[in-house]
Protein chains: 4
Amino acid sequence: MNNRDLKRRLYIIIFRSDTPNGKLFDVVLLWAIVLSVVLIVAESMKGLPPIMKTVFMVSEYVFTFFFTLEYICRLYCSPHPKHYALSFFGIVDLVSTLPLYIGWIFGPMRYLMIVRTFRLIRVFRVFKLFSFLEEGDMLMRSLLASSRKILVFFLFVVIMVISLGTVMYMVEGNVEGTPFTDIPTSIYWAVVTMTTVGYGDIAPVTPIGRLLSAIVMLMGYTILAVPTGIVSAQFIYDREKLRVPKRKCPECGNSVTAKAHYCSFCGKEL
Amino acid sequence: MNNRDLKRRLYIIIFRSDTPNGKLFDVVLLWAIVLSVVLIVAESMKGLPPIMKTVFMVSEYVFTFFFTLEYICRLYCSPHPKHYALSFFGIVDLVSTLPLYIGWIFGPMRYLMIVRTFRLIRVFRVFKLFSFLEEGDMLMRSLLASSRKILVFFLFVVIMVISLGTVMYMVEGNVEGTPFTDIPTSIYWAVVTMTTVGYGDIAPVTPIGRLLSAIVMLMGYTILAVPTGIVSAQFIYDREKLRVPKRKCPECGNSVTAKAHYCSFCGKEL
Amino acid sequence: MNNRDLKRRLYIIIFRSDTPNGKLFDVVLLWAIVLSVVLIVAESMKGLPPIMKTVFMVSEYVFTFFFTLEYICRLYCSPHPKHYALSFFGIVDLVSTLPLYIGWIFGPMRYLMIVRTFRLIRVFRVFKLFSFLEEGDMLMRSLLASSRKILVFFLFVVIMVISLGTVMYMVEGNVEGTPFTDIPTSIYWAVVTMTTVGYGDIAPVTPIGRLLSAIVMLMGYTILAVPTGIVSAQFIYDREKLRVPKRKCPECGNSVTAKAHYCSFCGKEL
Amino acid sequence: MNNRDLKRRLYIIIFRSDTPNGKLFDVVLLWAIVLSVVLIVAESMKGLPPIMKTVFMVSEYVFTFFFTLEYICRLYCSPHPKHYALSFFGIVDLVSTLPLYIGWIFGPMRYLMIVRTFRLIRVFRVFKLFSFLEEGDMLMRSLLASSRKILVFFLFVVIMVISLGTVMYMVEGNVEGTPFTDIPTSIYWAVVTMTTVGYGDIAPVTPIGRLLSAIVMLMGYTILAVPTGIVSAQFIYDREKLRVPKRKCPECGNSVTAKAHYCSFCGKEL
């Protein structure tokens, strides 16, 4: 088997999933990702026996080695290695193996903690599942199509939250033992309140403060309707577009509604 | 009255509700279910007089006996007993009688507690109501039709929640007296925050943690719009489809509303 | 001025608002209602000077006298007094004057408290505003049209909440110092959680309890989409119905879509 | 360069952004606004070194001077100075410079605090961004178009909240150590609960209180669907209207899409 054949074989196994081997590889990879995520989560729990700590450490090395090998194989067998390396999944694949190596260079003790931050991105590999699900693509496209509207909405929410947080600091900031200690904290309160999360760690105690926050809540209530409206309208629009039955004009090839008697582009009787 | 007649009579009373006796049976059954559920709920309350405990115990036996008898009758008179036994309601009917008997075998003391867990499924009998309500069926069908989209959305939410929980553990996990004691707890916090429930038992205290959770909240705010958009679009789509039933004109081939007496395009009598 | 004239004049002033006097009466009435509500709310506040208490007491008598007089006038001048007395607003008008009189009969001390409960219904007079607002009518009709679907949805939510509350009691009820003291409390927790209110007075502490409540939250998240979807679909449906342009068939008088070439009822060419 | 030329040049730089200088000015202005907002927020934090306080003070003077100069320039070069001064942004521009000057007149010590309240309106300058974003305009128009419906809805919510708050005060107000100390507090609780914010600082403790608030939550759950439904229906309606621009065929009178070259009903060239 020459080099080219190996490359093509590896490519079919690693990048595609329409052969038995390709499918097996993808399933094994997904289970490995899930297992490694479970291990990262479990490792953080206090009061584990020392033997478990060792097991976690070893499995961490094994998984990282496996993912590194996989990354190198992908680079090797990809027809456009540079294109892959710079794609979303290429970067995620790389970044999900790095934390352990960074831990080696900068010392294992303190920095192991930071290592985990990056390692969690390995979770995003699971995104690969999405490419098989047409529905996910449709949702993504709908959300992207309305992303400009959502951005404008967010800008508006940020302005509201800064303004209302500052007003609330004016009203409640002078009360003794107030949780509204400064404007950033008050802005955090405004976000917690407008999104209807409402932890309750910061809550108004003066009558004016309560009146103001009641108004903020009712505003948040209505404003909550805006992103939902945007997304709903987009979903319905995208669905309608698919539904309206079309047919091709035999003369000019343009698509016209099925109900038309004449082509609206060339005038041919249909 | 021979065996076959009895079976048919029982079948009409128990499985159908279009005769006076059949209706009476269903109403009695429903009240028995509601009452038994109320008793289970009431039994759990502390500080009840001992006489009440006895009343609850006895009524528990009476209801379980009644439901067991009903289950046996259903099995007996059903034309396809196996089919019934394996249907959703067949399993629910069986499981809602079992806990008491399981309590006999494994000893009454410790296991009575676990018994109740299963007994609550008796609640689902009330679902039988739904089969009479066309609206419920319609809602169910709409939700099922969009279940794949909702599943993809859930996968996305699970990935987000694990990632954000881990990042939050990195940020707040080192603060003294932090409620973010491990990653599972932090993931729980992420779920509580993204769904805008916001208990407040776990809340960030550092400025970076608060900034991060403000971003999580605003994200959750927008993400909340997605399932609503999916369900709204599905409801609107299903309504449209039902609303204007169409048929083809045999003369000109155009689709006209089913109510039309004459084709609105060529005037042919339909 | 004879009796009949007086009746007609009173009727125009009290029941209608298309004359200057009728409008003035309605405006005065509305301000009186708002003021009396503000007084009820203010009266409950602790630490008021005794003089204020007296003012509140007197104004309470004045308002009740005014509203009683108004109710008698409405009964007197209405062309169908019985019809009015049994209408929604007739009952609200009566009930909003009763609490003070009930307080007289059953003694002023302890029962004054209960009196207030009923007095708050006076607030509903403000609903009269709605009859002037076409938009309110439209919203009401849309909500009524989808009330059956919402009812089925509520039955489902009640079943879910009882089931999940009981399961949670099983999981967390044995932990020392648990807030899940009995099943009713656990059901209350399930409602607080599924509606995403999340007070945090009752929150799980065990890992299994937290996992379970995370699932409850994510379910509540999706279930929240159902009433929104129902109401959105109804609003859009009602809007569409108004929008589709129609014209009357000159032959049979049925309304057909403006696009039709032939009447779909009688076949006449349009 | 004469006076008129200067005016026209200034106008192009300050009011418009389609020339390099005009764009530069807008970008600098926006950064100045963001920076000044960040400074106001940062200034409120406790434990800052005295040197920072001085830096904040000086930068506050610099920014106010810059914004005052900008306001004067706008007044000077605007073709209709009165029109500008009375427009939304004219008022915001003026008010965002005033607080510092008001601080001079009424003494710098105590009133500096109040000064900040007004200063935060400077944030609204960022709204100018919106005029460039067609999407923002569309959202605004949609919200304005449904503002009457939302107002009616708000009136309904206010009535509900006052009623439910009073009932809750009746139920929980007599319990020792209750947080429902008076009706205004109870109304605040009703707002917190119906909007699903749920701080938990005020929560029922009696079984009846909890039952009542469970009902309030489930009502709030459904009522939350109303503004979302209103906004969604409006967005979808506005989209539909924009999506398929129509014109009438001069030959047959049918409405065809504006893009059509030929009528799809009679084939006439358009």
# chains A, B, ... in the order shown; residues from 1 in each chain; ligands from 1

$ interface_residues --of "chain D" --to "chain B" --cutoff "9 Å" --atoms "only C-alpha atoms" --output "ChimeraX atom specification"
/D:196-200

$ residues_around --residues "D:Tyr188" --least-positions-apart "6" --cutoff "8 Å" --atoms "only C-alpha atoms" --output "ChimeraX atom specification"
/A:210-211,214 /D:165
